[in-house]
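K.L.:
Below is one structure. I have some questions about it.
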Amino acid sequence: MPATVVVGTQWGDEGKGKLTDLLARDMDMVVRYQGGHNAGHTVVVGDDTFALQLVPSGILYEHIVPVIGNGVVVDPVVLIEELDTLEAKGVDTSRMALSGNAHLVMPYHQEIDRVTERYLGKNSLGTTKRGIGPAYADKAARVGLRVQDLLDPKIFRQKLDVVLKEKNALLAKVYNRLPLDADDICDLYLGKLADRVSAMVVDAVALVHEALDRGDHVLLEGAQATFLDLDHGTYPFVTSSNPVAGGACTGSGVGPRDIGEVIGIAKAYVTRVGSGPFPTECHDEVGDILVERGHEYGTNTGRRRRCGWFDAVMARQAVRLNSLTEVALTKLDVLDTFASLKVCVAYQAGSERYVHPPYHQSVLHQVTPVYEELPGWQEDLSGATELSDLPPAARDYVAFLAEQIGVPIRLVGVGPGRDQFVRFAA
């Protein structure tokens with residue numbers, strides 16, 4: 001059976017964790033295919049809130065095999081802490097599988113991330129300083145350490161000595177930082193961490209393909225989102241990997257013909273964390289209302305998110321880049337309070353009108369959003385369970401967005417809870 005991909009269509013924080021958790025009910029395996037612990041997925045189950053960073057959202061179902069794929073960069077300290085937290089809440093984590101080809105986030109990656117952002121000052125990229133970018137840089141430079149190296153202490157130490165010589169020289173001579181000690185790193189990584197991690201290490205490519213060959217339902221879950229993609233996002237204000245659907249292939253080891261559906265996740269408005277262009281950003285009371293009603297603070301960092309009206313120009317491009325088959329819309333209930341709503345249907349830059357984002361970043365920074373205004377509903381949607389429970393204005397808003405982006409919206413979130421959603425006609 002072909003795999004299903006879930007991908008964010010904006011700048012992240014669209015609610016992929018909740019949707020993945022919802023879809024996982026009908027899945028047998030959930031595979032995280034890129035990113036690191038710089039992305040947080042929040043899932044609310046009853047009175048419990050689970051903030052997941054590395055662990056796939058499907059961990060909350062006992063029938064799911066959760067897999068961290070080769071495209072992820074893994075901080076084993078964070079992974080073990082997250083698994084321990086889940087176990088303390090009664091979640092069985094013994095099914096966790098980790099690709100031996102996934103790269104490790106090392107202490108020098110985190111140190112370099114911190115000092116680099118500080119050095120850039122006002123030109124900083126707004127990273128989470130978790131070492132994700134430097135880990136991917138080492139992967140591309142072919143000096144990265146991988147999960148499988150934890151299983152061979154001799155190889156681990158040899159690789160570490162080579163790379164640490166260069167990293168310590170950089171830290172000392174460029175950033176005036178103290179060198180890191182190889183013995184300390186080995187004691188940590190080859191000690192308790194290796195013992196805990198080794199039980200999870202698998203040939204993830206084989207594991208996923210065996211599941212597909214059996215006809216199992218496999219869900220491929222990305223972190224971040226389309227416009228944080230290294231190639232297709234608002235560069236350089238992007239992440240260091242490929243969250244788009246194409247990244248699901250390289251990050252999990254499946255081919256394009258193994259993928260059936262690609263489901264895009266979009267908020268009913270737009271948010272962004274950190275620096276970078278944001279054409280529909282609201283710098284007024286509207287932005288403040290969206291922040292407070294939507295609880296728009298980063299799961300990992302606690303940073304306040306920038307908020308703005310829904311951007312159909314972005315969404316159309318996300319449809320193109322990911323070959324989306326449908327969209328799930330989240331947080332429609334956050335808009336309950338507004339008497340009228342705006343949707344950006346195009347960008348204007350001088351005499352040019354754009355229905356897809358301009359490729360040149362200088363133009364993108366200068367565009368003005370072209371809005372269409374729709375009536376609000378000013379009713380509480382949080383109790384809606386059927387399409388008929390939504391007021392006409394809310395249904396019209398969703399229908400207008402679907403018409404603008406060109407693919408159906410089949411699921412609409414009306415609250416943070418696991419079951420707070422409404423299905424639209426297929």
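All residue names refer to the structure tokens as shown: chains lettered A, B, ... in order, residues numbered from 1 in each chain, ligands numbered from 1 in order.
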Just list the residues in segment 125-328 of chain A DSSP gives strand (DSSP E or B) on the backbone, as a VMD selection string.
P.N.:
chain A and resid 146 201 to 202 218 to 221 259 to 267 270 to 272 281 297 304 306 to 308 310 to 311 326 to 328
K.L.:
Can you pull out the residues contacting Pro243 of chain A? Cut-off 9 Å, using only C-alpha atoms, and skip same-chain residues under 4 positions away; I want them as a PyMOL selection string.
P.N.:
chain A and resi 7-8+33-35+222-230+239+247-248
K.L.:
What separation in Å, quoted to one decimal, exists between atom CA of Arg423 of chain A and atom CA of Val55 of chain A?
P.N.:
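Separation of atom CA of Arg423 of chain A and atom CA of Val55 of chain A: 27.1 Å.
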K.L.:
Closest to Gly17 of chain A among A:Ala268, A:Val5, A:Leu171, A:Leu52, using only C-alpha atoms?
P.N.:
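Answer, going by the shortest atom-to-atom distance: A:Leu52.
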K.L.:
With only C-alpha atoms as the atoms that count, which of A:Gln404, A:Ser362, A:Asn101, A:Ser241 lies nearest to Ala312 of chain A?
P.N.:
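So, comparing all the options, the nearest one is A:Gln404.
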K.L.:
Which residues are close to Leu332 of chain A, i.e. within 10 Å by only C-alpha atoms, leaving aside same-chain residues fewer than 6 positions away? Reply as a list in words.
P.N.:
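Non-adjacent residues within range: Lys267, Ala268, Tyr269, Gly294, Leu381, Ser382, Ala394, Tyr397, Val398, Val412, Gly413, Val414, Gly415 and Phe421 of chain A.
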K.L.:
Keeping only N, CA and C atoms, write the selected residues to a file as an mmCIF file, in the first residue's frame.
P.N.:
```
data_model
loop_
_atom_site.group_PDB
_atom_site.id
_atom_site.type_symbol
_atom_site.label_atom_id
_atom_site.label_comp_id
_atom_site.auth_asym_id
_atom_site.auth_seq_id
_atom_site.Cartn_x
_atom_site.Cartn_y
_atom_site.Cartn_z
ATOM 1 N N LYS A 267 -2.667 26.434 8.701
ATOM 2 C CA LYS A 267 -3.496 27.159 9.653
ATOM 3 C C LYS A 267 -4.503 28.008 8.894
ATOM 4 N N ALA A 268 -5.588 28.346 9.564
ATOM 5 C CA ALA A 268 -6.595 29.232 8.968
ATOM 6 C C ALA A 268 -6.085 30.664 8.871
ATOM 7 N N TYR A 269 -4.926 30.902 9.442
ATOM 8 C CA TYR A 269 -4.187 32.157 9.297
ATOM 9 C C TYR A 269 -2.726 31.733 9.135
ATOM 10 N N GLY A 294 -4.638 32.087 19.694
ATOM 11 C CA GLY A 294 -4.020 30.882 19.142
ATOM 12 C C GLY A 294 -2.891 30.334 19.972
ATOM 13 N N LEU A 381 -16.764 27.907 17.702
ATOM 14 C CA LEU A 381 -16.756 26.687 16.896
ATOM 15 C C LEU A 381 -16.264 25.456 17.654
ATOM 16 N N SER A 382 -15.784 25.641 18.880
ATOM 17 C CA SER A 382 -15.053 24.575 19.564
ATOM 18 C C SER A 382 -15.873 23.313 19.798
ATOM 19 N N ALA A 394 -18.470 30.406 8.293
ATOM 20 C CA ALA A 394 -17.277 29.583 8.497
ATOM 21 C C ALA A 394 -17.118 28.595 7.349
ATOM 22 N N TYR A 397 -15.899 30.470 4.335
ATOM 23 C CA TYR A 397 -14.481 30.814 4.438
ATOM 24 C C TYR A 397 -13.611 29.640 4.000
ATOM 25 N N VAL A 398 -13.923 28.452 4.501
ATOM 26 C CA VAL A 398 -13.163 27.256 4.132
ATOM 27 C C VAL A 398 -13.298 26.973 2.631
ATOM 28 N N VAL A 412 -11.031 20.048 9.093
ATOM 29 C CA VAL A 412 -10.898 21.383 9.680
ATOM 30 C C VAL A 412 -10.833 21.252 11.196
ATOM 31 N N GLY A 413 -9.773 21.801 11.787
ATOM 32 C CA GLY A 413 -9.626 21.782 13.232
ATOM 33 C C GLY A 413 -10.363 22.932 13.879
ATOM 34 N N VAL A 414 -11.066 22.635 14.984
ATOM 35 C CA VAL A 414 -11.843 23.662 15.687
ATOM 36 C C VAL A 414 -11.450 23.750 17.162
ATOM 37 N N GLY A 415 -10.280 23.262 17.503
ATOM 38 C CA GLY A 415 -9.796 23.312 18.881
ATOM 39 C C GLY A 415 -8.555 22.461 19.026
ATOM 40 N N PHE A 421 -12.328 18.314 15.538
ATOM 41 C CA PHE A 421 -12.196 18.535 14.099
ATOM 42 C C PHE A 421 -13.521 18.248 13.432
#
```
K.L.:
For atom CA of Glu296 of chain A and atom CA of Ser275 of chain A, quote the distance in Å rounded to one decimal.
P.N.:
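According to the coordinates, atom CA of Glu296 of chain A and atom CA of Ser275 of chain A are separated by 15.8 Å.
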K.L.:
Would you mind telling me which residue in A:Val147, A:Leu164, A:Leu219, A:Val291 lies nearest to Asp21 of chain A when using only C-alpha atoms?
P.N.:
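Selected residue with least distance to Asp21 of chain A: A:Leu219.
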K.L.:
Env of Ala199 of chain A: 12 Å cut, atoms = only C-alpha atoms, seq-sep filter 2 positions within chain, self excluded. Answer as a list in words.
P.N.:
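Everything that qualifies: Ile80, Thr93, Ser94, Arg95, Met96, Ala97, Leu98, Ser99, Gly100, Val147, Gln148, Leu150, Leu151, Lys192, Leu193, Ala194, Asp195, Arg196, Val197, Val201 and Val202 of chain A.
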K.L.:
Would you put the residues from that selection into a file with N, CA, C and O atoms, as a compact mmCIF listing (two decimals), in the first residue's frame?
P.N.:
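The result, written out as out-v5.txt:
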```txt
# COMPACT_ATOMS: atom_id res chain seq x y z
N ILE A 80 16.63 10.59 24.56
CA ILE A 80 16.44 9.79 25.78
C ILE A 80 15.56 10.53 26.78
O ILE A 80 14.67 9.94 27.41
N THR A 93 7.30 3.13 25.06
CA THR A 93 8.23 3.56 24.02
C THR A 93 9.12 2.43 23.52
O THR A 93 10.09 2.67 22.79
N SER A 94 8.82 1.20 23.90
CA SER A 94 9.68 0.07 23.53
C SER A 94 9.67 -0.21 22.04
O SER A 94 10.55 -0.90 21.53
N ARG A 95 8.67 0.34 21.32
CA ARG A 95 8.57 0.08 19.87
C ARG A 95 9.43 1.06 19.06
O ARG A 95 9.52 0.94 17.84
N MET A 96 10.05 2.01 19.72
CA MET A 96 10.80 3.06 19.03
C MET A 96 11.92 2.47 18.18
O MET A 96 12.70 1.65 18.65
N ALA A 97 11.99 2.88 16.91
CA ALA A 97 13.03 2.44 16.00
C ALA A 97 13.80 3.65 15.47
O ALA A 97 13.21 4.68 15.16
N LEU A 98 15.11 3.52 15.37
CA LEU A 98 15.98 4.63 15.00
C LEU A 98 16.93 4.19 13.90
O LEU A 98 17.65 3.19 14.05
N SER A 99 16.95 4.92 12.80
CA SER A 99 17.83 4.58 11.69
C SER A 99 19.29 4.71 12.09
O SER A 99 19.71 5.73 12.63
N GLY A 100 20.07 3.68 11.77
CA GLY A 100 21.51 3.75 12.02
C GLY A 100 22.21 4.77 11.14
O GLY A 100 23.34 5.17 11.43
N VAL A 147 24.43 7.64 13.91
CA VAL A 147 23.94 6.82 15.01
C VAL A 147 24.68 5.49 15.06
O VAL A 147 25.05 5.00 16.13
N GLN A 148 24.93 4.89 13.91
CA GLN A 148 25.59 3.58 13.89
C GLN A 148 27.00 3.65 14.47
O GLN A 148 27.53 2.65 14.95
N LEU A 150 27.83 4.96 17.18
CA LEU A 150 27.74 4.70 18.62
C LEU A 150 27.93 3.22 18.94
O LEU A 150 28.27 2.86 20.07
N LEU A 151 27.71 2.36 17.95
CA LEU A 151 27.83 0.92 18.16
C LEU A 151 29.27 0.44 17.97
O LEU A 151 29.56 -0.74 18.18
N LYS A 192 26.14 5.86 28.86
CA LYS A 192 24.71 5.55 29.01
C LYS A 192 23.93 5.79 27.72
O LYS A 192 22.97 5.08 27.42
N LEU A 193 24.32 6.81 26.94
CA LEU A 193 23.58 7.11 25.72
C LEU A 193 23.65 5.95 24.74
O LEU A 193 22.63 5.54 24.17
N ALA A 194 24.85 5.42 24.52
CA ALA A 194 25.00 4.31 23.58
C ALA A 194 24.22 3.09 24.04
O ALA A 194 23.61 2.37 23.23
N ASP A 195 24.24 2.84 25.35
CA ASP A 195 23.50 1.68 25.88
C ASP A 195 22.01 1.81 25.60
O ASP A 195 21.36 0.83 25.21
N ARG A 196 21.47 3.01 25.78
CA ARG A 196 20.04 3.22 25.57
C ARG A 196 19.69 3.23 24.08
O ARG A 196 18.67 2.68 23.65
N VAL A 197 20.53 3.88 23.30
CA VAL A 197 20.23 4.05 21.87
C VAL A 197 20.36 2.75 21.11
O VAL A 197 19.59 2.46 20.18
N VAL A 201 18.34 0.90 17.40
CA VAL A 201 18.94 1.06 16.08
C VAL A 201 18.52 -0.06 15.13
O VAL A 201 18.59 -1.24 15.47
N VAL A 202 18.07 0.34 13.94
CA VAL A 202 17.59 -0.62 12.94
C VAL A 202 18.04 -0.19 11.55
O VAL A 202 18.54 0.93 11.36
```
K.L.:
Using only C-alpha atoms, can you tell me which of A:Val334, A:Leu374, A:Met314, A:Ala102 comes closest to Tyr354 of chain A?
P.N.:
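Under the stated criterion, the closest residue is A:Met314.
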K.L.:
Name all residues at most 12 Å from Leu170 of chain A (count only C-alpha atoms; drop same-chain ones fewer than 4 positions away) and give them as JSON, numbers by chain.
P.N.:
{"A": [108, 109, 111, 112, 115, 116, 163, 164, 165, 166, 174, 175, 176, 177, 178, 179, 180]}
K.L.:
Just list the residues in segment 22-107 of chain A DSSP gives helix (DSSP H, G or I) on the backbone, as a PyMOL selection string.
P.N.:
chain A and resi 22-26+57-60+76-88+107
K.L.:
Could you tell me which of A:Arg257, A:Ala24, A:Pro236, A:Arg305 comes closest to Glu292 of chain A if we count only C-alpha atoms?
P.N.:
A:Arg305
K.L.:
Pick the closest to Trp11 of chain A from A:Val407, A:Ala245, A:Ala315, A:Leu190: which is it, counting only C-alpha atoms?
P.N.:
A:Ala315
K.L.:
Do a neighbour search on Gly15 of chain A at 8 Å with only C-alpha atoms, toss out local chain neighbours closer than 2 positions, and write the hits as a list in words.
P.N.:
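What passes the distance filter is Asp13, Gly17, Lys18, Leu19, His41, Thr42, Ile265, Ala266, Lys267 and Thr330 of chain A.
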K.L.:
Fewer than 4 positions away in the same chain doesn't count, so skip those; otherwise give me all residues within 8 Å of Val91 of chain A, counting only C-alpha atoms, as a list in words.
P.N.:
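In the requested format, the answer is Ile59, Leu60, Leu86 and Glu87 of chain A.
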K.L.:
Keeping only N, CA, C and O atoms, write the selected residues as an mmCIF file, in the first residue's frame.
P.N.:
```
data_model
loop_
_atom_site.group_PDB
_atom_site.id
_atom_site.type_symbol
_atom_site.label_atom_id
_atom_site.label_comp_id
_atom_site.auth_asym_id
_atom_site.auth_seq_id
_atom_site.Cartn_x
_atom_site.Cartn_y
_atom_site.Cartn_z
ATOM 1 N N ILE A 59 3.733 7.645 18.356
ATOM 2 C CA ILE A 59 4.141 6.932 19.564
ATOM 3 C C ILE A 59 2.994 6.775 20.545
ATOM 4 O O ILE A 59 2.979 5.869 21.374
ATOM 5 N N LEU A 60 1.990 7.648 20.444
ATOM 6 C CA LEU A 60 0.891 7.618 21.412
ATOM 7 C C LEU A 60 -0.105 6.499 21.151
ATOM 8 O O LEU A 60 -1.034 6.306 21.942
ATOM 9 N N LEU A 86 7.898 10.504 28.205
ATOM 10 C CA LEU A 86 6.734 9.768 27.723
ATOM 11 C C LEU A 86 6.451 8.551 28.599
ATOM 12 O O LEU A 86 5.291 8.268 28.947
ATOM 13 N N GLU A 87 7.506 7.823 28.976
ATOM 14 C CA GLU A 87 7.333 6.653 29.843
ATOM 15 C C GLU A 87 6.722 7.060 31.182
ATOM 16 O O GLU A 87 5.867 6.360 31.719
#
```
K.L.:
Give me, please, the distance in Å between atom CA of Gln10 of chain A and atom CA of Gly276 of chain A, quoted to one decimal.
P.N.:
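According to the coordinates, atom CA of Gln10 of chain A and atom CA of Gly276 of chain A are separated by 12.8 Å.
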